[in-house]
$ cat work08.csv   # CSV, C-alpha atoms and all ligand atoms
chain,number,residue,atom,x,y,z
A,1,MET,CA,-33.8,26.5,8.2
A,2,GLU,CA,-32.0,25.1,11.3
A,3,LYS,CA,-28.3,26.0,11.6
A,4,GLN,CA,-27.4,22.2,11.4
A,5,ASP,CA,-29.3,21.8,8.1
A,6,GLN,CA,-27.7,24.9,6.7
A,7,LEU,CA,-24.3,23.5,7.4
A,8,LEU,CA,-25.2,20.2,5.9
A,9,MET,CA,-26.5,21.8,2.7
A,10,LYS,CA,-23.4,23.9,2.4
A,11,LYS,CA,-21.3,20.8,2.6
A,12,GLN,CA,-23.4,19.0,0.0
A,13,ASN,CA,-23.2,21.9,-2.4
A,14,LYS,CA,-19.4,22.1,-2.0
A,15,ASN,CA,-19.1,18.3,-2.6
A,16,LEU,CA,-21.3,18.6,-5.7
A,17,VAL,CA,-19.3,21.5,-7.2
A,18,LEU,CA,-16.0,19.6,-6.5
A,19,GLU,CA,-17.4,16.4,-8.1
A,20,ILE,CA,-18.5,18.4,-11.2
A,21,ILE,CA,-15.1,20.1,-11.6
A,22,LYS,CA,-13.4,16.7,-11.1
A,23,ASN,CA,-15.5,14.9,-13.7
A,24,GLN,CA,-16.1,17.6,-16.3
A,25,SER,CA,-12.9,19.7,-16.1
A,26,PRO,CA,-11.9,22.0,-17.7
A,27,ILE,CA,-15.1,23.8,-16.9
A,28,SER,CA,-16.1,27.4,-16.3
A,29,ARG,CA,-17.8,28.8,-13.2
A,30,MET,CA,-20.8,29.7,-15.4
A,31,GLU,CA,-21.2,26.2,-16.7
A,32,ILE,CA,-21.1,24.9,-13.1
A,33,ALA,CA,-23.9,27.3,-12.2
A,34,LYS,CA,-25.9,26.1,-15.2
A,35,VAL,CA,-25.4,22.3,-14.3
A,36,THR,CA,-26.1,22.8,-10.6
A,37,GLY,CA,-28.8,25.4,-10.8
A,38,MET,CA,-27.0,27.4,-8.1
A,39,SER,CA,-26.4,31.2,-8.4
A,40,PRO,CA,-23.1,32.4,-10.0
A,41,THR,CA,-22.4,34.2,-6.7
A,42,SER,CA,-22.7,30.9,-4.7
A,43,ILE,CA,-20.5,29.1,-7.3
A,44,THR,CA,-17.8,31.9,-7.0
A,45,ARG,CA,-17.9,31.6,-3.2
A,46,ILE,CA,-17.6,27.8,-3.2
A,47,VAL,CA,-14.9,27.8,-5.9
A,48,ASN,CA,-12.9,30.3,-3.9
A,49,GLU,CA,-13.1,28.1,-0.8
A,50,LEU,CA,-12.0,25.0,-2.8
A,51,HIS,CA,-9.2,27.0,-4.3
A,52,LEU,CA,-8.0,28.1,-0.8
A,53,GLN,CA,-8.1,24.5,0.4
A,54,GLY,CA,-6.0,23.4,-2.6
A,55,PHE,CA,-8.6,21.3,-4.4
A,56,VAL,CA,-9.2,23.6,-7.4
A,57,ARG,CA,-7.0,25.6,-9.7
A,58,GLU,CA,-7.6,28.0,-12.6
A,59,THR,CA,-6.2,26.6,-15.9
A,60,GLU,CA,-4.7,28.7,-18.6
A,61,LEU,CA,-7.6,27.8,-20.8
A,62,VAL,CA,-10.6,30.0,-21.5
A,63,THR,CA,-14.1,29.3,-22.8
A,64,SER,CA,-14.4,29.2,-26.6
A,65,GLY,CA,-17.3,30.8,-28.6
A,66,VAL,CA,-18.8,34.2,-28.4
A,67,GLY,CA,-19.2,36.4,-25.4
A,68,ARG,CA,-16.9,37.3,-22.5
A,69,LYS,CA,-14.1,34.8,-22.1
A,70,ALA,CA,-14.1,32.9,-18.8
A,71,VAL,CA,-11.2,31.0,-17.2
A,72,LEU,CA,-11.7,27.2,-17.0
A,73,LEU,CA,-11.2,25.3,-13.7
A,74,ASP,CA,-9.5,22.0,-13.0
A,75,VAL,CA,-8.8,20.0,-9.8
A,76,CYS,CA,-5.3,19.6,-8.3
A,77,GLY,CA,-4.3,16.0,-8.3
A,78,ASP,CA,-1.7,16.4,-5.6
A,79,VAL,CA,-4.0,18.0,-3.0
A,80,LEU,CA,-4.4,14.6,-1.3
A,81,TYR,CA,-3.5,10.9,-1.7
A,82,THR,CA,-4.6,7.6,-0.5
A,83,VAL,CA,-2.7,4.3,-0.3
A,84,GLY,CA,-4.1,1.3,-2.0
A,85,VAL,CA,-3.0,-2.2,-0.8
A,86,GLU,CA,-3.7,-5.6,-2.2
A,87,ILE,CA,-2.8,-8.6,0.0
A,88,ASP,CA,-2.7,-11.8,-2.0
A,89,LYS,CA,-1.4,-15.3,-1.2
A,90,LEU,CA,2.1,-14.7,-2.7
A,91,ILE,CA,2.3,-11.0,-3.1
A,92,ILE,CA,1.5,-7.7,-1.4
A,93,LYS,CA,1.0,-4.7,-3.8
A,94,ILE,CA,1.1,-1.1,-2.6
A,95,GLY,CA,0.3,2.0,-4.7
A,96,ILE,CA,0.0,5.7,-3.8
A,97,VAL,CA,-2.9,7.2,-5.7
A,98,ASN,CA,-3.5,10.9,-6.1
A,99,TYR,CA,-6.9,12.8,-6.0
A,100,VAL,CA,-7.4,12.3,-9.8
A,101,GLY,CA,-6.9,8.5,-9.6
A,102,GLU,CA,-3.3,8.3,-10.9
A,103,ILE,CA,-0.9,5.8,-9.3
A,104,VAL,CA,2.1,8.0,-8.5
A,105,ALA,CA,4.2,5.3,-6.7
A,106,TRP,CA,4.1,1.5,-6.8
A,107,LYS,CA,5.7,-1.4,-5.1
A,108,GLY,CA,5.2,-5.2,-5.1
A,109,ILE,CA,6.6,-7.3,-2.2
A,110,PRO,CA,6.7,-11.1,-2.1
A,111,ARG,CA,4.6,-12.8,0.6
A,112,ASP,CA,5.4,-16.2,2.0
A,113,VAL,CA,2.4,-18.5,2.4
A,114,SER,CA,3.8,-19.4,5.9
A,115,GLU,CA,3.8,-15.8,6.9
A,116,SER,CA,1.7,-15.0,10.0
A,117,TYR,CA,-1.0,-12.4,10.0
A,118,TYR,CA,1.1,-9.9,12.1
A,119,GLU,CA,4.2,-10.5,9.9
A,120,THR,CA,2.2,-9.6,6.8
A,121,LEU,CA,0.7,-6.5,8.5
A,122,GLU,CA,4.2,-5.4,9.6
A,123,LYS,CA,5.4,-5.8,6.0
A,124,VAL,CA,2.6,-3.6,4.8
A,125,ASN,CA,3.3,-1.0,7.5
A,126,VAL,CA,7.1,-0.8,6.7
A,127,ASN,CA,6.6,-0.7,3.0
A,128,VAL,CA,3.8,1.8,3.0
A,129,LYS,CA,5.9,4.2,5.1
A,130,GLU,CA,9.0,3.6,3.0
A,131,LEU,CA,7.0,4.3,-0.3
A,132,ILE,CA,5.6,7.5,1.1
A,133,SER,CA,8.9,8.9,2.3
A,134,LYS,CA,10.8,7.8,-0.8
A,135,ASN,CA,8.3,9.8,-2.9
A,136,CYS,CA,8.6,12.8,-0.7
A,137,ILE,CA,4.8,12.9,0.0
A,138,LEU,CA,3.8,14.6,3.2
A,139,ASN,CA,2.0,12.4,5.7
A,140,LYS,CA,-0.6,15.0,6.2
A,141,ARG,CA,-1.6,14.8,2.5
A,142,ILE,CA,-2.4,11.0,2.9
A,143,ILE,CA,-6.0,10.7,4.1
A,144,GLY,CA,-6.0,6.9,4.6
A,145,ILE,CA,-5.4,3.4,3.4
A,146,GLY,CA,-7.7,1.1,1.4
A,147,VAL,CA,-7.0,-2.6,1.4
A,148,GLY,CA,-8.4,-5.2,-1.0
A,149,ILE,CA,-8.4,-8.8,0.3
A,150,PRO,CA,-9.7,-12.1,-1.1
A,151,GLY,CA,-12.4,-13.7,1.0
A,152,SER,CA,-15.5,-12.8,2.9
A,153,ILE,CA,-15.1,-9.3,4.4
A,154,ASP,CA,-17.1,-7.4,6.9
A,155,TYR,CA,-16.3,-4.1,5.4
A,156,LYS,CA,-18.3,-2.1,7.9
A,157,ASN,CA,-16.2,-3.3,10.8
A,158,GLY,CA,-13.0,-3.8,8.9
A,159,VAL,CA,-12.9,-7.5,9.7
A,160,VAL,CA,-11.8,-10.4,7.5
A,161,LYS,CA,-14.4,-13.0,8.4
A,162,VAL,CA,-12.6,-15.7,6.4
A,163,SER,CA,-10.0,-15.7,3.7
A,164,ASP,CA,-9.1,-19.2,2.4
A,165,GLN,CA,-6.3,-17.9,0.4
A,166,LEU,CA,-4.6,-16.1,3.2
A,167,LYS,CA,-5.8,-18.6,5.8
A,168,TRP,CA,-7.1,-15.7,8.0
A,169,LYS,CA,-10.2,-15.9,10.1
A,170,ASN,CA,-11.9,-13.1,12.1
A,171,VAL,CA,-9.1,-10.6,12.1
A,172,ASN,CA,-9.7,-6.9,12.4
A,173,ILE,CA,-7.2,-5.6,9.9
A,174,ALA,CA,-8.7,-2.0,9.8
A,175,LYS,CA,-8.0,-1.7,13.5
A,176,ASP,CA,-4.6,-3.5,13.6
A,177,LEU,CA,-3.2,-1.7,10.6
A,178,LYS,CA,-4.4,1.6,11.9
A,179,GLN,CA,-2.5,0.9,15.1
A,180,LEU,CA,0.7,0.2,13.2
A,181,THR,CA,0.5,3.0,10.5
A,182,ALA,CA,-1.5,5.7,12.3
A,183,PHE,CA,-3.5,6.1,9.1
A,184,ASP,CA,-7.3,5.5,8.9
A,185,VAL,CA,-7.8,2.1,7.2
A,186,MET,CA,-10.8,0.6,5.3
A,187,ILE,CA,-10.9,-2.9,3.9
A,188,ASP,CA,-13.1,-4.7,1.4
A,189,ASN,CA,-13.2,-7.7,-0.9
A,190,GLU,CA,-10.6,-7.5,-3.6
A,191,LEU,CA,-12.9,-8.0,-6.6
A,192,LYS,CA,-15.3,-5.4,-5.2
A,193,MET,CA,-12.3,-3.0,-5.2
A,194,LYS,CA,-11.3,-4.0,-8.7
A,195,ILE,CA,-14.8,-3.2,-10.1
A,196,VAL,CA,-14.6,0.2,-8.4
A,197,ALA,CA,-11.4,0.9,-10.4
A,198,GLU,CA,-13.1,-0.4,-13.6
A,199,ASN,CA,-16.1,1.8,-12.9
A,200,SER,CA,-14.2,5.0,-12.3
A,201,LYS,CA,-11.1,4.5,-14.6
A,202,GLY,CA,-11.5,1.4,-16.7
A,203,ILE,CA,-13.7,-0.4,-19.2
A,204,ALA,CA,-16.9,0.0,-17.1
A,205,LYS,CA,-16.3,3.7,-16.6
A,206,ASP,CA,-19.6,5.3,-15.4
A,207,SER,CA,-21.5,2.1,-16.2
A,208,GLN,CA,-24.7,1.6,-14.1
A,209,ASN,CA,-24.7,-2.2,-14.4
A,210,ALA,CA,-21.5,-4.1,-14.8
A,211,VAL,CA,-20.0,-7.4,-13.6
A,212,LEU,CA,-16.3,-8.3,-13.1
A,213,VAL,CA,-15.2,-11.9,-12.9
A,214,GLY,CA,-11.9,-12.8,-11.4
A,215,ILE,CA,-10.3,-16.1,-12.6
A,216,GLY,CA,-7.0,-17.0,-10.9
A,217,SER,CA,-6.0,-18.7,-7.6
A,218,GLY,CA,-9.6,-17.9,-6.5
A,219,ILE,CA,-12.8,-17.6,-8.5
A,220,GLY,CA,-15.3,-14.8,-7.8
A,221,SER,CA,-17.1,-11.9,-9.2
A,222,ALA,CA,-18.2,-8.4,-8.2
A,223,ILE,CA,-21.3,-6.6,-9.3
A,224,ILE,CA,-22.3,-2.9,-9.9
A,225,LEU,CA,-26.1,-2.7,-9.9
A,226,ASN,CA,-27.8,0.6,-10.6
A,227,GLY,CA,-24.5,2.4,-10.1
A,228,GLU,CA,-23.7,0.9,-6.7
A,229,ILE,CA,-21.6,-2.0,-5.5
A,230,TYR,CA,-24.1,-4.8,-5.0
A,231,ARG,CA,-23.2,-6.6,-1.7
A,232,GLY,CA,-26.1,-8.7,-0.8
A,233,ASP,CA,-27.0,-9.3,2.9
A,234,SER,CA,-23.5,-10.0,4.2
A,235,ASN,CA,-21.2,-8.7,1.4
A,236,ASN,CA,-20.9,-12.1,-0.2
A,237,ALA,CA,-22.9,-11.5,-3.4
A,238,GLY,CA,-20.8,-12.6,-6.4
A,239,GLU,CA,-19.0,-15.5,-4.8
A,240,ILE,CA,-19.5,-17.7,-7.9
A,241,GLY,CA,-16.5,-19.9,-7.0
A,242,HIS,CA,-18.8,-21.8,-4.7
A,243,THR,CA,-21.8,-22.2,-7.1
A,244,VAL,CA,-22.2,-26.0,-7.6
A,245,ILE,CA,-21.8,-27.1,-11.2
A,246,ASP,CA,-21.7,-30.9,-10.5
A,247,PRO,CA,-23.0,-32.4,-7.3
A,248,THR,CA,-21.1,-35.6,-8.1
A,249,GLY,CA,-17.9,-33.7,-8.8
A,250,ASN,CA,-14.7,-32.7,-6.9
A,251,VAL,CA,-14.5,-31.9,-3.2
A,252,CYS,CA,-14.1,-28.2,-2.5
A,253,ASN,CA,-12.0,-26.8,0.4
A,254,CYS,CA,-15.3,-25.2,1.6
A,255,GLY,CA,-16.6,-28.8,2.3
A,256,LYS,CA,-19.1,-29.0,-0.5
A,257,ILE,CA,-18.9,-31.1,-3.6
A,258,GLY,CA,-18.6,-29.8,-7.2
A,259,CYS,CA,-18.0,-26.1,-6.7
A,260,LEU,CA,-16.9,-24.1,-9.8
A,261,ALA,CA,-13.6,-23.3,-8.2
A,262,THR,CA,-12.7,-27.0,-8.0
A,263,TYR,CA,-12.6,-27.0,-11.8
A,264,ILE,CA,-11.1,-23.7,-12.9
A,265,SER,CA,-9.0,-22.2,-10.1
A,266,GLU,CA,-5.2,-22.3,-10.5
A,267,GLY,CA,-5.0,-25.0,-7.7
A,268,ALA,CA,-7.6,-27.1,-9.5
A,269,LEU,CA,-5.8,-26.8,-12.8
A,270,ILE,CA,-2.5,-27.8,-11.2
A,271,ASP,CA,-4.1,-30.8,-9.4
A,272,ASP,CA,-5.6,-32.1,-12.6
A,273,SER,CA,-2.4,-31.6,-14.5
A,274,ARG,CA,-0.4,-33.6,-12.0
A,275,LYS,CA,-2.5,-36.6,-12.9
A,276,VAL,CA,-0.7,-36.6,-16.2
A,277,LYS,CA,2.6,-34.8,-15.8
A,278,GLU,CA,5.0,-33.6,-13.0
A,279,ILE,CA,4.5,-29.9,-12.9
A,280,ASP,CA,5.3,-27.2,-10.3
A,281,THR,CA,3.3,-24.1,-11.1
A,282,ILE,CA,0.5,-22.8,-13.2
A,283,ASP,CA,3.0,-21.5,-15.7
A,284,ASP,CA,4.0,-25.1,-16.4
A,285,VAL,CA,0.3,-25.9,-17.3
A,286,PHE,CA,0.1,-22.9,-19.6
A,287,ASP,CA,3.5,-23.7,-21.2
A,288,SER,CA,2.3,-27.2,-21.9
A,289,TYR,CA,-0.9,-25.8,-23.5
A,290,ARG,CA,1.2,-23.5,-25.7
A,291,ASN,CA,3.4,-26.6,-26.7
A,292,GLY,CA,0.3,-28.3,-27.9
A,293,GLU,CA,0.3,-31.1,-25.3
A,294,SER,CA,-3.2,-32.7,-25.7
A,295,TRP,CA,-3.8,-33.1,-21.9
A,296,ALA,CA,-3.2,-29.4,-21.4
A,297,ILE,CA,-5.4,-28.5,-24.4
A,298,ASN,CA,-8.2,-30.7,-22.9
A,299,ILE,CA,-7.9,-29.1,-19.5
A,300,MET,CA,-7.9,-25.5,-20.8
A,301,ASP,CA,-10.7,-26.4,-23.2
A,302,ARG,CA,-12.9,-27.5,-20.3
A,303,THR,CA,-11.8,-24.4,-18.4
A,304,SER,CA,-13.0,-22.1,-21.2
A,305,THR,CA,-16.3,-24.0,-21.3
A,306,TYR,CA,-16.9,-23.5,-17.6
A,307,ILE,CA,-16.0,-19.8,-17.8
A,308,ALA,CA,-18.5,-19.3,-20.6
A,309,LEU,CA,-21.1,-21.1,-18.6
A,310,ALA,CA,-20.5,-19.0,-15.6
A,311,ILE,CA,-20.7,-15.8,-17.8
A,312,SER,CA,-24.0,-17.0,-19.3
A,313,ASN,CA,-25.4,-17.6,-15.8
A,314,ILE,CA,-24.3,-14.2,-14.6
A,315,LEU,CA,-25.9,-12.5,-17.6
A,316,CYS,CA,-29.2,-14.2,-16.9
A,317,LEU,CA,-29.1,-13.1,-13.3
A,318,TYR,CA,-28.0,-9.5,-13.6
A,319,ASN,CA,-28.3,-8.5,-17.3
A,320,PRO,CA,-25.3,-6.1,-17.1
A,321,GLU,CA,-24.1,-3.8,-20.0
A,322,VAL,CA,-20.6,-5.2,-19.7
A,323,ILE,CA,-18.9,-8.2,-18.2
A,324,ILE,CA,-15.2,-7.8,-17.6
A,325,LEU,CA,-12.9,-10.9,-17.3
A,326,SER,CA,-9.8,-10.4,-15.2
A,327,GLY,CA,-7.3,-12.3,-13.1
A,328,ASN,CA,-4.1,-14.3,-13.4
A,329,THR,CA,-5.4,-16.9,-15.7
A,330,ILE,CA,-6.6,-14.4,-18.3
A,331,GLU,CA,-3.4,-12.3,-17.9
A,332,LYS,CA,-1.0,-15.1,-18.2
A,333,LEU,CA,-2.8,-17.0,-20.9
A,334,PRO,CA,-4.4,-14.4,-23.1
A,335,GLU,CA,-4.8,-17.1,-25.8
A,336,ILE,CA,-7.8,-18.3,-23.8
A,337,LYS,CA,-9.8,-15.1,-24.6
A,338,GLU,CA,-10.8,-16.3,-28.1
A,339,PRO,CA,-12.1,-19.8,-27.0
A,340,ILE,CA,-14.1,-18.1,-24.2
A,341,LYS,CA,-15.7,-15.7,-26.6
A,342,GLN,CA,-16.5,-18.5,-29.0
A,343,LYS,CA,-18.2,-20.6,-26.3
A,344,CYS,CA,-20.1,-17.5,-25.0
A,345,GLU,CA,-21.6,-17.4,-28.5
A,346,LEU,CA,-22.9,-21.0,-27.9
A,347,TYR,CA,-24.1,-20.5,-24.4
A,348,ILE,CA,-25.5,-17.0,-23.9
A,349,TRP,CA,-29.2,-16.7,-24.1
A,350,GLU,CA,-30.3,-15.0,-27.4
A,351,PRO,CA,-32.2,-12.0,-25.9
A,352,LEU,CA,-29.0,-11.1,-23.9
A,353,LYS,CA,-26.6,-11.7,-26.7
A,354,GLU,CA,-27.2,-8.6,-28.8
A,355,ARG,CA,-26.2,-5.9,-26.4
A,356,ILE,CA,-23.8,-7.5,-24.0
A,357,LYS,CA,-20.1,-6.4,-24.2
A,358,ILE,CA,-17.7,-9.1,-23.1
A,359,ALA,CA,-14.4,-7.3,-22.2
A,360,PHE,CA,-11.0,-8.0,-20.7
A,361,SER,CA,-9.6,-5.8,-17.9
A,362,GLN,CA,-7.0,-3.3,-19.1
A,363,LEU,CA,-5.9,-2.4,-15.6
A,364,GLY,CA,-3.8,-5.5,-15.4
A,365,ASP,CA,-2.5,-6.4,-11.9
A,366,ARG,CA,-3.1,-2.8,-10.6
A,367,GLY,CA,-6.9,-2.9,-10.5
A,368,VAL,CA,-7.3,-3.9,-6.9
A,369,VAL,CA,-4.8,-1.4,-5.5
A,370,LEU,CA,-6.3,1.4,-7.6
A,371,GLY,CA,-9.9,0.5,-6.7
A,372,ALA,CA,-9.0,0.3,-2.9
A,373,ALA,CA,-7.3,3.7,-3.0
A,374,ILE,CA,-10.3,5.3,-4.9
A,375,GLN,CA,-12.8,3.7,-2.5
A,376,ALA,CA,-10.7,5.0,0.4
A,377,GLN,CA,-11.0,8.5,-1.1
A,378,ASN,CA,-14.7,8.1,-1.6
A,379,LEU,CA,-15.2,7.2,2.1
A,380,MET,CA,-12.6,9.2,3.8
A,381,LEU,CA,-12.6,12.6,2.1
A,382,ASP,CA,-14.5,15.0,4.4
A,383,LEU,CA,-14.7,18.5,3.0
A,384,GLU,CA,-14.8,21.0,5.8
B,401,ZN,ZN,-16.8,-24.5,-2.5
$ encode --input "work08.csv" --output "structure tokens"
Amino acid sequence: MEKQDQLLMKKQNKNLVLEIIKNQSPISRMEIAKVTGMSPTSITRIVNELHLQGFVRETELVTSGVGRKAVLLDVCGDVLYTVGVEIDKLIIKIGIVNYVGEIVAWKGIPRDVSESYYETLEKVNVNVKELISKNCILNKRIIGIGVGIPGSIDYKNGVVKVSDQLKWKNVNIAKDLKQLTAFDVMIDNELKMKIVAENSKGIAKDSQNAVLVGIGSGIGSAIILNGEIYRGDSNNAGEIGHTVIDPTGNVCNCGKIGCLATYISEGALIDDSRKVKEIDTIDDVFDSYRNGESWAINIMDRTSTYIALAISNILCLYNPEVIILSGNTIEKLPEIKEPIKQKCELYIWEPLKERIKIAFSQLGDRGVVLGAAIQAQNLMLDLE
């Protein structure tokens, strides 16, 4: 074997052992040897290396059952961290996430819609640094920043191609934020980051086929297909907000007529409500619904119908095991869950009905930050 290949294989084996300890801990060296098919000597050597690098520790637990007792291994959560960032229209959220996917520090900062691109980036920079130093985390333990952003994202080059919500076009955040913070930066679409979080820590944990739908100021979805994020040709797979549901309907800000978003996004709900009553925010719409005002009941009834139709279409296209509903509308108006479920009963095609699990995100408003941080770890962790 060539020297180069030998090094690569060594690295792959080390990654594999670390993955197994991370996912199956507490686990003994013997069990790792059994799972990987590697020799006990190799496992001992790799575990020693990982221990020296701070990734792995021996627990106080030992194997149960007959035979010689063996010490069980675990990973060290504080060996490294990544910073997850979500940039939304009205808020920036920042979380520091450790190696085992726990959010150890958190901060939300209001964002003004009139804020420029550079003002927002500077805000991210200042607050990331402040959060790190406040929590006494060494800079060298932070391996990078992951950012989740609404819109069409060129994740390979770190460029936001277009974000209607942030009013950004062709900006290279990965480069600009790296320049400010001095950390490596990766960016991706926010819902794709959210489903990464659900897939590693949430309802779709380890699911091979799952879809997450986001319903709030924007409408979209993200898809895990055969265990991988499904991106399509230009990372826009899942943009259901711009599927047309009525060619004679409302004009969308994308220039088309009758997009789904023009019926169920927060902005659309507010616009329709204003035809009846003077209201300021989406909370006013939901309050009116709770007060039993018939116009608000009508609008939300139509909304739950369109959500159920979108779910039914997604199921026909991808046949996932689980579909997760998330976003501001679901979080602020949990009463809408029941009507959505009832309408799904009406609209979902029979052969798909039996096995599908319709679930609601439990990660709340932290999903994007957590997912972006986990994805940054997946991409940036390079074991020597
Ligand atoms: Zn549209």
$ residues_near_ligand --input "work08.csv" --ligand "ligand ZN 401 (chain B)" --cutoff "9 Å" --atoms "all atoms listed in the file" --output "list in words"
Gly241, His242, Thr243, Val244, Val251, Cys252, Asn253, Cys254, Gly255, Lys256, Ile257, Gly258, Cys259, Leu260, Ala261 and Thr262 of chain A
$ closest_residue --input "work08.csv" --among "A:Ala308, A:Ile27, A:Ala376, A:Ile137" --to "A:Ala174" --atoms "all atoms listed in the file"
A:Ala376
$ atom_distance --input "work08.csv" --atom1 "atom CA of A:Ile240" --atom2 "atom CA of A:Gly220"
5.1 Å
$ closest_residue --input "work08.csv" --among "A:Leu317, A:Cys344, A:Leu7, A:Ala268" --to "A:Ile358" --atoms "all atoms listed in the file"
A:Cys344
$ closest_residue --input "work08.csv" --among "A:Ala296, A:Leu383, A:Ile245, A:Cys316" --to "A:Ser273" --atoms "all atoms listed in the file"
A:Ala296
